[in-house]
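Okay, work-v4.cif now, which holds mmCIF, C-alpha atoms:
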```cif
data_protein
#
loop_
_atom_site.group_PDB
_atom_site.id
_atom_site.type_symbol
_atom_site.label_atom_id
_atom_site.label_comp_id
_atom_site.auth_asym_id
_atom_site.auth_seq_id
_atom_site.Cartn_x
_atom_site.Cartn_y
_atom_site.Cartn_z
ATOM 1 C CA MET A 1 0.000 0.000 0.000
ATOM 2 C CA ALA A 2 1.474 3.308 -1.023
ATOM 3 C CA SER A 3 1.332 5.744 1.827
ATOM 4 C CA GLU A 4 3.405 8.187 3.791
ATOM 5 C CA ASN A 5 4.512 5.229 5.876
ATOM 6 C CA SER A 6 5.911 3.180 3.014
ATOM 7 C CA ASP A 7 9.474 4.291 3.729
ATOM 8 C CA TRP A 8 9.340 2.905 7.251
ATOM 9 C CA SER A 9 10.504 -0.582 6.574
ATOM 10 C CA ASP A 10 14.218 0.113 6.844
ATOM 11 C CA ASP A 11 14.444 2.909 9.360
ATOM 12 C CA GLY A 12 14.122 0.773 12.463
ATOM 13 C CA ARG A 13 10.675 1.897 13.527
ATOM 14 C CA TYR A 14 9.261 -1.570 13.202
ATOM 15 C CA VAL A 15 9.866 -4.349 15.670
ATOM 16 C CA ALA A 16 12.067 -7.136 14.250
ATOM 17 C CA PRO A 17 9.896 -9.767 12.518
ATOM 18 C CA THR A 18 11.405 -12.524 14.707
ATOM 19 C CA VAL A 19 9.895 -11.021 17.878
ATOM 20 C CA ALA A 20 7.050 -13.084 19.321
ATOM 21 C CA GLN A 21 6.669 -11.707 22.862
ATOM 22 C CA SER A 22 6.520 -8.302 24.471
ATOM 23 C CA VAL A 23 7.144 -7.406 28.099
ATOM 24 C CA LYS A 24 6.999 -4.087 29.890
ATOM 25 C CA ILE A 25 8.492 -2.173 32.761
ATOM 26 C CA LEU A 26 6.825 0.917 34.202
ATOM 27 C CA VAL A 27 9.144 3.851 34.838
ATOM 28 C CA VAL A 28 7.281 5.754 37.504
ATOM 29 C CA GLY A 29 7.928 9.136 39.030
ATOM 30 C CA ALA A 30 6.827 12.704 39.526
ATOM 31 C CA PHE A 31 6.822 15.247 36.714
ATOM 32 C CA GLY A 32 10.331 16.424 35.864
ATOM 33 C CA VAL A 33 12.160 13.636 37.669
ATOM 34 C CA GLY A 34 13.754 12.333 34.464
ATOM 35 C CA LYS A 35 11.517 9.452 33.303
ATOM 36 C CA THR A 36 11.710 10.380 29.643
ATOM 37 C CA THR A 37 15.450 11.044 29.905
ATOM 38 C CA LEU A 38 16.039 7.582 31.369
ATOM 39 C CA ILE A 39 13.850 5.915 28.759
ATOM 40 C CA GLY A 40 15.554 7.843 25.963
ATOM 41 C CA SER A 41 19.026 6.864 27.155
ATOM 42 C CA VAL A 42 18.365 3.119 26.731
ATOM 43 C CA SER A 43 15.639 3.004 24.068
ATOM 44 C CA GLU A 44 16.416 1.887 20.522
ATOM 45 C CA ILE A 45 13.780 4.314 19.204
ATOM 46 C CA ALA A 46 13.388 7.995 20.039
ATOM 47 C CA PRO A 47 10.864 8.103 22.905
ATOM 48 C CA LEU A 48 7.290 8.300 21.699
ATOM 49 C CA ARG A 49 4.425 10.105 23.385
ATOM 50 C CA THR A 50 0.837 9.058 23.747
ATOM 51 C CA GLU A 51 -1.858 11.149 25.375
ATOM 52 C CA GLU A 52 -5.212 10.509 26.992
ATOM 53 C CA THR A 53 -7.764 12.976 28.238
ATOM 54 C CA MET A 54 -9.413 12.688 31.615
ATOM 55 C CA THR A 55 -12.071 14.727 33.315
ATOM 56 C CA LEU A 56 -10.740 16.967 36.046
ATOM 57 C CA ALA A 57 -13.329 15.505 38.404
ATOM 58 C CA SER A 58 -11.300 12.294 38.412
ATOM 59 C CA VAL A 59 -7.977 13.992 39.018
ATOM 60 C CA GLY A 60 -8.889 14.398 42.658
ATOM 61 C CA VAL A 61 -7.964 18.034 42.923
ATOM 62 C CA ASP A 62 -10.275 19.915 45.245
ATOM 63 C CA SER A 63 -9.516 23.428 44.134
ATOM 64 C CA LEU A 64 -11.701 23.420 41.070
ATOM 65 C CA THR A 65 -14.818 24.956 42.533
ATOM 66 C CA GLY A 66 -16.675 26.849 39.889
ATOM 67 C CA LEU A 67 -15.173 24.967 36.966
ATOM 68 C CA ASP A 68 -17.356 22.988 34.632
ATOM 69 C CA ASP A 69 -17.269 19.474 36.038
ATOM 70 C CA LYS A 70 -16.770 18.147 32.523
ATOM 71 C CA ALA A 71 -13.546 20.099 32.064
ATOM 72 C CA THR A 72 -10.796 17.805 30.846
ATOM 73 C CA THR A 73 -7.063 17.648 31.121
ATOM 74 C CA THR A 74 -4.467 15.807 29.075
ATOM 75 C CA VAL A 75 -2.139 13.244 30.590
ATOM 76 C CA ALA A 76 0.909 12.180 28.582
ATOM 77 C CA MET A 77 2.913 8.974 28.688
ATOM 78 C CA ASP A 78 6.315 8.718 27.022
ATOM 79 C CA PHE A 79 7.706 5.318 26.183
ATOM 80 C CA GLY A 80 10.601 3.524 24.549
ATOM 81 C CA ARG A 81 11.593 0.082 23.317
ATOM 82 C CA ILE A 82 14.502 -2.327 23.680
ATOM 83 C CA THR A 83 14.728 -5.537 21.660
ATOM 84 C CA VAL A 84 16.325 -7.703 24.359
ATOM 85 C CA SER A 85 16.576 -10.906 22.318
ATOM 86 C CA PRO A 86 15.625 -12.031 18.816
ATOM 87 C CA ASP A 87 12.185 -13.023 20.098
ATOM 88 C CA VAL A 88 11.503 -10.615 22.971
ATOM 89 C CA VAL A 89 10.922 -6.880 22.988
ATOM 90 C CA LEU A 90 10.821 -4.799 26.186
ATOM 91 C CA TYR A 91 8.726 -1.648 26.432
ATOM 92 C CA LEU A 92 9.468 1.053 28.990
ATOM 93 C CA PHE A 93 6.369 3.069 29.815
ATOM 94 C CA GLY A 94 6.989 6.294 31.697
ATOM 95 C CA THR A 95 3.962 7.122 33.801
ATOM 96 C CA PRO A 96 3.067 9.658 36.445
ATOM 97 C CA GLY A 97 3.272 8.297 39.946
ATOM 98 C CA GLN A 98 -0.401 8.148 40.791
ATOM 99 C CA ARG A 99 -2.198 4.945 40.068
ATOM 100 C CA ARG A 100 -5.279 6.801 38.841
ATOM 101 C CA PHE A 101 -3.198 7.937 35.870
ATOM 102 C CA TRP A 102 -2.067 4.404 35.039
ATOM 103 C CA ASP A 103 -5.685 3.420 34.740
ATOM 104 C CA LEU A 104 -6.011 5.765 31.766
ATOM 105 C CA TRP A 105 -4.064 3.238 29.733
ATOM 106 C CA GLU A 106 -5.946 -0.005 29.473
ATOM 107 C CA GLY A 107 -4.180 -2.787 31.365
ATOM 108 C CA LEU A 108 -0.965 -0.780 31.699
ATOM 109 C CA ALA A 109 0.000 -2.329 35.039
ATOM 110 C CA GLU A 110 -1.242 -5.815 34.207
ATOM 111 C CA GLY A 111 1.492 -8.364 33.595
ATOM 112 C CA ALA A 112 4.362 -5.889 33.987
ATOM 113 C CA VAL A 113 7.836 -7.077 35.054
ATOM 114 C CA GLY A 114 7.747 -4.366 37.692
ATOM 115 C CA ALA A 115 8.199 -0.667 38.280
ATOM 116 C CA LEU A 116 11.344 1.423 38.445
ATOM 117 C CA VAL A 117 10.554 4.391 40.675
ATOM 118 C CA LEU A 118 12.672 7.435 39.868
ATOM 119 C CA ILE A 119 13.148 9.916 42.667
ATOM 120 C CA ASP A 120 14.755 13.313 43.064
ATOM 121 C CA THR A 121 16.270 13.820 46.533
ATOM 122 C CA ARG A 122 15.253 17.480 46.431
ATOM 123 C CA ARG A 123 11.589 16.433 46.345
ATOM 124 C CA ILE A 124 11.435 13.093 48.135
ATOM 125 C CA GLU A 125 7.959 13.782 49.489
ATOM 126 C CA ASP A 126 6.608 13.649 45.910
ATOM 127 C CA SER A 127 7.214 9.912 45.887
ATOM 128 C CA PHE A 128 5.480 8.893 49.122
ATOM 129 C CA GLU A 129 2.160 8.270 47.409
ATOM 130 C CA VAL A 130 3.820 6.174 44.714
ATOM 131 C CA PHE A 131 5.386 3.760 47.196
ATOM 132 C CA ASP A 132 2.187 3.521 49.165
ATOM 133 C CA GLN A 133 0.291 2.449 46.067
ATOM 134 C CA LEU A 134 2.929 0.051 44.806
ATOM 135 C CA GLU A 135 3.095 -1.724 48.143
ATOM 136 C CA THR A 136 -0.551 -1.807 49.080
ATOM 137 C CA ARG A 137 -2.412 -1.860 45.777
ATOM 138 C CA THR A 138 -0.402 -3.603 43.095
ATOM 139 C CA GLY A 139 2.032 -5.976 44.770
ATOM 140 C CA MET A 140 4.222 -5.348 41.735
ATOM 141 C CA PRO A 141 7.992 -5.738 42.281
ATOM 142 C CA PHE A 142 9.735 -2.390 42.289
ATOM 143 C CA ALA A 143 13.158 -0.842 42.657
ATOM 144 C CA VAL A 144 14.123 2.732 43.463
ATOM 145 C CA ALA A 145 16.466 4.713 41.255
ATOM 146 C CA VAL A 146 17.755 8.003 42.630
ATOM 147 C CA ASN A 147 18.355 10.341 39.720
ATOM 148 C CA ASP A 148 21.411 12.239 40.891
ATOM 149 C CA PHE A 149 20.762 15.789 39.793
ATOM 150 C CA PRO A 150 23.717 18.147 40.120
ATOM 151 C CA GLY A 151 23.434 19.998 43.411
ATOM 152 C CA ALA A 152 20.863 17.621 44.868
ATOM 153 C CA PRO A 153 21.598 16.385 48.381
ATOM 154 C CA ARG A 154 23.308 12.977 48.442
ATOM 155 C CA TYR A 155 21.963 10.402 50.837
ATOM 156 C CA GLY A 156 23.150 6.884 51.469
ATOM 157 C CA ALA A 157 20.903 3.918 50.710
ATOM 158 C CA ASP A 158 20.215 3.381 54.416
ATOM 159 C CA GLN A 159 19.106 6.973 54.947
ATOM 160 C CA LEU A 160 16.809 6.777 51.930
ATOM 161 C CA ARG A 161 15.399 3.423 52.976
ATOM 162 C CA GLU A 162 14.492 4.873 56.325
ATOM 163 C CA ALA A 163 13.113 8.137 54.905
ATOM 164 C CA LEU A 164 10.996 6.268 52.356
ATOM 165 C CA ASP A 165 10.049 3.495 54.778
ATOM 166 C CA LEU A 166 11.085 0.779 52.318
ATOM 167 C CA LEU A 167 11.472 -2.931 52.987
ATOM 168 C CA PRO A 168 15.049 -4.183 53.447
ATOM 169 C CA ASP A 169 14.801 -6.152 50.176
ATOM 170 C CA THR A 170 13.814 -3.234 47.965
ATOM 171 C CA PRO A 171 16.785 -2.303 45.777
ATOM 172 C CA ILE A 172 17.946 1.319 45.830
ATOM 173 C CA VAL A 173 20.371 2.456 43.140
ATOM 174 C CA HIS A 174 21.846 5.779 42.229
ATOM 175 C CA CYS A 175 21.768 6.617 38.565
ATOM 176 C CA ASP A 176 22.348 9.288 36.007
ATOM 177 C CA ALA A 177 19.280 9.046 33.785
ATOM 178 C CA ARG A 178 21.197 10.647 30.906
ATOM 179 C CA ASN A 179 23.707 7.809 30.893
ATOM 180 C CA LYS A 180 22.871 4.593 29.051
ATOM 181 C CA GLU A 181 24.965 2.244 31.214
ATOM 182 C CA SER A 182 23.705 3.828 34.393
ATOM 183 C CA SER A 183 20.044 3.610 33.335
ATOM 184 C CA ALA A 184 20.522 0.022 32.154
ATOM 185 C CA GLN A 185 22.041 -0.853 35.529
ATOM 186 C CA ALA A 186 18.956 0.483 37.334
ATOM 187 C CA LEU A 187 16.693 -1.622 35.093
ATOM 188 C CA ILE A 188 18.891 -4.690 35.695
ATOM 189 C CA LYS A 189 18.507 -4.252 39.469
ATOM 190 C CA LEU A 190 14.734 -4.185 39.058
ATOM 191 C CA VAL A 191 14.596 -7.325 36.889
ATOM 192 C CA GLU A 192 16.936 -9.200 39.259
ATOM 193 C CA HIS A 193 14.662 -8.200 42.102
ATOM 194 C CA ALA A 194 11.581 -9.371 40.173
ATOM 195 C CA LEU A 195 13.287 -12.757 39.655
ATOM 196 C CA HIS A 196 13.847 -13.169 43.388
ATOM 197 C CA PHE A 197 10.621 -11.605 44.617
ATOM 198 C CA PRO A 198 7.860 -12.225 42.086
ATOM 199 C CA ALA A 199 4.666 -10.206 42.334
ATOM 200 C CA SER A 200 2.344 -11.367 45.060
ATOM 201 C CA GLU A 201 -0.908 -13.080 44.193
ATOM 202 C CA LYS A 202 -3.014 -10.073 45.081
ATOM 203 C CA ALA A 203 -1.185 -8.206 42.367
ATOM 204 C CA LEU A 204 -2.494 -6.404 39.393
ATOM 205 C CA THR A 205 -6.173 -5.998 39.289
ATOM 206 C CA MET B 1 7.580 16.624 20.152
ATOM 207 C CA GLU B 2 4.780 17.340 17.702
ATOM 208 C CA ASP B 3 1.408 18.488 18.932
ATOM 209 C CA TYR B 4 -1.455 16.097 19.048
ATOM 210 C CA ARG B 5 -3.789 16.334 16.114
ATOM 211 C CA ASP B 6 -6.744 18.561 16.700
ATOM 212 C CA HIS B 7 -9.909 16.654 15.967
ATOM 213 C CA PRO B 8 -12.924 18.253 14.368
ATOM 214 C CA VAL B 9 -15.038 15.484 15.884
ATOM 215 C CA ARG B 10 -14.980 13.899 19.309
ATOM 216 C CA PRO B 11 -12.846 10.743 19.240
ATOM 217 C CA TYR B 12 -15.635 8.320 20.012
ATOM 218 C CA VAL B 13 -17.585 9.383 16.959
ATOM 219 C CA LEU B 14 -14.812 7.549 15.131
ATOM 220 C CA THR B 15 -15.671 4.325 16.903
ATOM 221 C CA SER B 16 -19.437 4.567 16.471
ATOM 222 C CA GLY B 17 -19.805 5.744 20.034
ATOM 223 C CA ARG B 18 -18.178 2.776 21.694
ATOM 224 C CA ALA B 19 -15.668 3.494 24.404
ATOM 225 C CA HIS B 20 -14.829 -0.139 25.029
ATOM 226 C CA PRO B 21 -13.312 -2.579 22.591
ATOM 227 C CA SER B 22 -15.110 -5.698 21.500
ATOM 228 C CA ARG B 23 -12.565 -7.808 23.315
ATOM 229 C CA ASN B 24 -10.454 -6.875 26.251
ATOM 230 C CA THR B 25 -7.146 -8.441 25.334
ATOM 231 C CA ILE B 26 -5.226 -5.672 23.574
ATOM 232 C CA ARG B 27 -2.733 -3.864 25.767
ATOM 233 C CA PRO B 28 -0.394 -0.953 25.002
ATOM 234 C CA GLU B 29 2.484 -3.438 24.492
ATOM 235 C CA THR B 30 0.477 -5.896 22.378
ATOM 236 C CA LEU B 31 2.245 -6.522 19.067
ATOM 237 C CA LEU B 32 0.115 -6.209 15.948
ATOM 238 C CA VAL B 33 0.728 -6.910 12.282
ATOM 239 C CA VAL B 34 -1.442 -6.964 9.168
ATOM 240 C CA ASP B 35 -2.555 -10.434 8.124
ATOM 241 C CA PRO B 36 -1.097 -10.683 4.623
ATOM 242 C CA ASP B 37 -3.549 -13.420 3.631
ATOM 243 C CA THR B 38 -6.677 -11.396 4.352
ATOM 244 C CA PRO B 39 -7.761 -8.970 1.631
ATOM 245 C CA PRO B 40 -8.065 -5.372 2.854
ATOM 246 C CA PRO B 41 -11.496 -4.291 4.106
ATOM 247 C CA VAL B 42 -13.856 -3.174 1.349
ATOM 248 C CA THR B 43 -14.986 0.026 3.022
ATOM 249 C CA PRO B 44 -12.505 0.839 5.769
ATOM 250 C CA THR B 45 -12.840 3.999 7.814
ATOM 251 C CA ARG B 46 -9.984 6.450 7.536
ATOM 252 C CA GLN B 47 -8.650 5.361 10.945
ATOM 253 C CA GLN B 48 -8.889 1.681 10.040
ATOM 254 C CA ARG B 49 -6.969 2.276 6.826
ATOM 255 C CA GLU B 50 -4.381 4.322 8.673
ATOM 256 C CA LEU B 51 -3.871 1.627 11.315
ATOM 257 C CA LEU B 52 -3.577 -1.106 8.682
ATOM 258 C CA ASP B 53 -1.010 0.986 6.793
ATOM 259 C CA MET B 54 0.870 1.486 10.044
ATOM 260 C CA CYS B 55 0.905 -2.219 10.867
ATOM 261 C CA GLY B 56 2.488 -3.327 7.588
ATOM 262 C CA GLY B 57 5.361 -4.319 9.886
ATOM 263 C CA LEU B 58 5.295 -5.502 13.485
ATOM 264 C CA LEU B 59 4.390 -2.701 15.893
ATOM 265 C CA SER B 60 2.957 -2.414 19.402
ATOM 266 C CA LEU B 61 -0.422 -0.825 19.840
ATOM 267 C CA ALA B 62 1.142 2.063 21.809
ATOM 268 C CA GLU B 63 3.597 2.776 18.993
ATOM 269 C CA ALA B 64 0.855 2.723 16.369
ATOM 270 C CA ALA B 65 -1.247 5.099 18.488
ATOM 271 C CA ALA B 66 1.694 7.456 19.056
ATOM 272 C CA HIS B 67 2.526 7.564 15.342
ATOM 273 C CA MET B 68 -1.137 8.146 14.503
ATOM 274 C CA ARG B 69 -1.326 10.777 17.275
ATOM 275 C CA LEU B 70 -4.490 9.221 18.605
ATOM 276 C CA PRO B 71 -5.179 8.107 22.188
ATOM 277 C CA VAL B 72 -4.319 4.478 23.011
ATOM 278 C CA SER B 73 -7.868 3.959 24.286
ATOM 279 C CA LEU B 74 -9.255 4.874 20.883
ATOM 280 C CA VAL B 75 -6.797 2.803 18.848
ATOM 281 C CA VAL B 76 -7.556 -0.227 21.041
ATOM 282 C CA VAL B 77 -11.158 -0.041 19.835
ATOM 283 C CA ILE B 78 -10.157 0.332 16.178
ATOM 284 C CA ALA B 79 -7.606 -2.498 16.445
ATOM 285 C CA SER B 80 -10.040 -4.842 18.180
ATOM 286 C CA ASP B 81 -12.508 -4.549 15.301
ATOM 287 C CA LEU B 82 -9.742 -5.268 12.785
ATOM 288 C CA VAL B 83 -8.594 -8.289 14.794
ATOM 289 C CA ASP B 84 -12.181 -9.555 14.943
ATOM 290 C CA SER B 85 -12.550 -9.165 11.180
ATOM 291 C CA GLY B 86 -9.245 -10.984 10.581
ATOM 292 C CA HIS B 87 -7.357 -8.052 9.088
ATOM 293 C CA LEU B 88 -4.953 -7.612 11.973
ATOM 294 C CA GLN B 89 -3.073 -10.354 13.793
ATOM 295 C CA VAL B 90 -2.114 -10.231 17.451
ATOM 296 C CA ARG B 91 1.482 -11.493 17.552
ATOM 297 C CA SER B 92 2.059 -11.493 21.276
ATOM 298 C CA ALA B 93 -0.572 -13.009 23.521
ATOM 299 C CA PRO B 94 -1.524 -10.571 26.269
ATOM 300 C CA ARG B 95 -0.096 -11.417 29.621
ATOM 301 C CA HIS B 96 -2.359 -11.487 32.634
ATOM 302 C CA SER B 97 0.224 -12.782 35.075
ATOM 303 C CA PRO B 98 3.776 -11.608 35.725
ATOM 304 C CA PRO B 99 6.427 -12.832 33.262
ATOM 305 C CA SER B 100 8.021 -16.242 33.831
ATOM 306 C CA ALA B 101 11.538 -16.630 35.229
ATOM 307 C CA GLU B 102 12.687 -17.792 31.797
ATOM 308 C CA LEU B 103 11.384 -14.611 30.192
ATOM 309 C CA LEU B 104 12.923 -12.445 32.929
ATOM 310 C CA GLU B 105 16.308 -14.090 32.261
ATOM 311 C CA LYS B 106 16.033 -13.133 28.600
ATOM 312 C CA VAL B 107 15.262 -9.542 29.590
ATOM 313 C CA LEU B 108 18.233 -9.512 31.982
ATOM 314 C CA ASN B 109 20.614 -10.841 29.370
ATOM 315 C CA GLY B 110 19.428 -8.241 26.877
ATOM 316 C CA LEU B 111 19.841 -5.392 29.357
ATOM 317 C CA ARG B 112 23.350 -6.557 30.271
ATOM 318 C CA LYS B 113 24.359 -6.261 26.611
ATOM 319 C CA LEU B 114 23.312 -2.607 26.390
#
```

Translate this file's structure into C-alpha cells.
Amino acid sequence: MASENSDWSDDGRYVAPTVAQSVKILVVGAFGVGKTTLIGSVSEIAPLRTEETMTLASVGVDSLTGLDDKATTTVAMDFGRITVSPDVVLYLFGTPGQRRFWDLWEGLAEGAVGALVLIDTRRIEDSFEVFDQLETRTGMPFAVAVNDFPGAPRYGADQLREALDLLPDTPIVHCDARNKESSAQALIKLVEHALHFPASEKALT
Amino acid sequence: MEDYRDHPVRPYVLTSGRAHPSRNTIRPETLLVVDPDTPPPVTPTRQQRELLDMCGGLLSLAEAAAHMRLPVSLVVVIASDLVDSGHLQVRSAPRHSPPSAELLEKVLNGLRKL
C-alpha cells in the first residue's frame, strides 16, 4: 500500500519480525524527575508520546470549585523500546506516579515485570504516594532509582530506605538518567529483584 | 515533540460511540501486524486504513497510536474490530500474570548487553 509510511521498513521503527513476545516495565515518578530522559538513554527508538484525556473531576484536585465538572485535562505517557533478544521486545512506559493515571491506559499495570521508581532527593515527598500504592495496591515488584541531579543532596541507601520506609529487600540504586549504562544498571537491578521476589498473588487488578 | 492532532469530531464518533473494545485483550504493548492473507477491508474507515497501513510491519499498539497521534484507548477499539474481522493479527498473547523466570532471564541478558 502506497502511503506516507511506506518508507518505514528500513528505518528501524518496526519491531524485528522474529519477535514473538513483548514485556513491559513501568518507569514511575513525579513530573520532571527524568523518566523520559532515562527511557531515551536506553531506548532503541526515540521516545514516543501518547496522550489521553481525563475529566478533572477524576484527578482528585479539590480546588476546582466553579469549573465545569466536565472540564478535561491531558495526561501524557512517554515510552521507549529495547529488543532484548531475537524473540523478545521490552517496552518502557513512563507514567506519572499516581495509580489513577495508570488506569487511563488499558491494562498498563497488568502483567508488567515491575516498576522502576525514579526519585529526586530534592523532592522526596513527591514519591510517598507512589510507594504507598505500589506496596498496598499492586504488589508489583519495584526498585528505586535516585536520579542524581547536580546539586541535589546525596543520601546513602540506608538513609533513603528509612526516609521512604522501604522494605530491606527493595533495591535502591543511584543513577544518572542521561547515561545509558547507568540507566541500564537500574533496570537490571529491578529485573533481578523481580526474579527473586515475584509479584504477590493479590497483584495487578 | 509534535502536537497532538486537533480533531474536528470527538474521538468516540470515530468508533461509532463505543468506548470499550469488542474484546479486552489488547494492551499498550500488544504486538500487531497486518494479516497478509486477508484482503483489505472493502470500506474501511480512515482510521482503520491508517492503522492497517501502520501495521504493515510488526508494531505495538502504543507505537501505532503514538505515530497516529491518537489516544491508546481509541486505537484499542479500532484495532479490536480489525482483529475480529481478521485483518490484523495479534502477535504477542496478552499477559495477565507476571512474566516467567525464563522470560525475565532473557530480559536480563538483553539489558546486560546494552

Task: Residue IDs satisfying the PyMOL selection byres ((chain B) within 6 of (chain A)), as a list in words - done: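 Checking the PyMOL selection byres ((chain B) within 6 of (chain A)) against this file, the residues are Arg27, Gly57, Leu58, Leu59, Ala66, Pro71, Ser92, Arg95, His96, Ser97, Pro98, Val107 and Gly110 of chain B.
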
- prompt: How many Å separate atom CA of Gly86 of chain B from atom CA of Pro99 of chain B?
  reply: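 Rounded to one decimal, the two atoms are 27.6 Å apart.
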
If we count all atoms listed in the file and set the cut-off at 7 Å, which residues sit around Ala62 of chain B, ignoring sequence neighbours fewer than 6 positions away in its own chain? Please answer as a PDB file with C-alpha atoms, keeping the file's coordinate frame.
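Below is the file that was written, around.pdb:
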```pdb
ATOM      1  CA  PRO B  28      -0.394  -0.953  25.002  1.00  0.00           C
ATOM      2  CA  GLU B  29       2.484  -3.438  24.492  1.00  0.00           C
ATOM      3  CA  VAL B  72      -4.319   4.478  23.011  1.00  0.00           C
TER       4      VAL B  72
END
```

A straight line from atom CA of Asp132 of chain A to atom CA of Asn179 of chain A spans 28.6 Å

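Using all atoms listed in the file, the smallest distance between any of A:Phe142, A:Asp165, A:Asp103, A:Glu129 and His193 of chain A comes from A:Phe142.
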
Correct to one decimal, the distance atom CA of Lys113 of chain B-atom CA of Thr170 of chain A is 24.0 Å

Please tell me which residues are no farther than 10 Å from (18.8, 15.2, 32.5) in the file, counting all atoms listed in the file, and write them as a PDB file with C-alpha atoms, keeping the file's coordinate frame.
```
ATOM      1  CA  GLY A  32      10.331  16.424  35.864  1.00  0.00           C
ATOM      2  CA  VAL A  33      12.160  13.636  37.669  1.00  0.00           C
ATOM      3  CA  GLY A  34      13.754  12.333  34.464  1.00  0.00           C
ATOM      4  CA  LYS A  35      11.517   9.452  33.303  1.00  0.00           C
ATOM      5  CA  THR A  36      11.710  10.380  29.643  1.00  0.00           C
ATOM      6  CA  THR A  37      15.450  11.044  29.905  1.00  0.00           C
ATOM      7  CA  LEU A  38      16.039   7.582  31.369  1.00  0.00           C
ATOM      8  CA  SER A  41      19.026   6.864  27.155  1.00  0.00           C
ATOM      9  CA  ASN A 147      18.355  10.341  39.720  1.00  0.00           C
ATOM     10  CA  ASP A 148      21.411  12.239  40.891  1.00  0.00           C
ATOM     11  CA  PHE A 149      20.762  15.789  39.793  1.00  0.00           C
ATOM     12  CA  PRO A 150      23.717  18.147  40.120  1.00  0.00           C
ATOM     13  CA  ASP A 176      22.348   9.288  36.007  1.00  0.00           C
ATOM     14  CA  ALA A 177      19.280   9.046  33.785  1.00  0.00           C
ATOM     15  CA  ARG A 178      21.197  10.647  30.906  1.00  0.00           C
ATOM     16  CA  ASN A 179      23.707   7.809  30.893  1.00  0.00           C
TER      17      ASN A 179
END
```

- prompt: Do you know which residues the PyMOL selection byres ((chain B and resi 55) around 10) returns on this file, as a PyMOL selection string?
  reply: (chain A and resi 5+14) or (chain B and resi 31-35+49-54+56-61+63-64+88-89)

Go through the shown structure with the PyMOL selection byres ((chain A and resi 158) around 12) and write out the matching residues as a compact mmCIF listing (two decimals) with C-alpha atoms, keeping the file's coordinate frame.
```txt
# COMPACT_ATOMS: atom_id res chain seq x y z
CA ARG A 154 23.31 12.98 48.44
CA TYR A 155 21.96 10.40 50.84
CA GLY A 156 23.15 6.88 51.47
CA ALA A 157 20.90 3.92 50.71
CA GLN A 159 19.11 6.97 54.95
CA LEU A 160 16.81 6.78 51.93
CA ARG A 161 15.40 3.42 52.98
CA GLU A 162 14.49 4.87 56.32
CA ALA A 163 13.11 8.14 54.90
CA LEU A 164 11.00 6.27 52.36
CA ASP A 165 10.05 3.50 54.78
CA LEU A 166 11.08 0.78 52.32
CA LEU A 167 11.47 -2.93 52.99
CA PRO A 168 15.05 -4.18 53.45
CA ASP A 169 14.80 -6.15 50.18
CA THR A 170 13.81 -3.23 47.96
CA PRO A 171 16.78 -2.30 45.78
CA ILE A 172 17.95 1.32 45.83
CA VAL A 173 20.37 2.46 43.14
```

Between A:Ile124, A:Val27, A:Ala46, A:Met54, single out the one closest to Ala152 of chain A, counting all atoms listed in the file.
->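 Among the listed residues, A:Ile124 lies closest to Ala152 of chain A.
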
Quiz item: Given the choices B:Leu104, B:Leu111, B:Val77, B:Val42, which gets closest to Thr25 of chain B if the distance is worked out from all atoms listed in the file?
Solution: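 Closest candidate: B:Val77.
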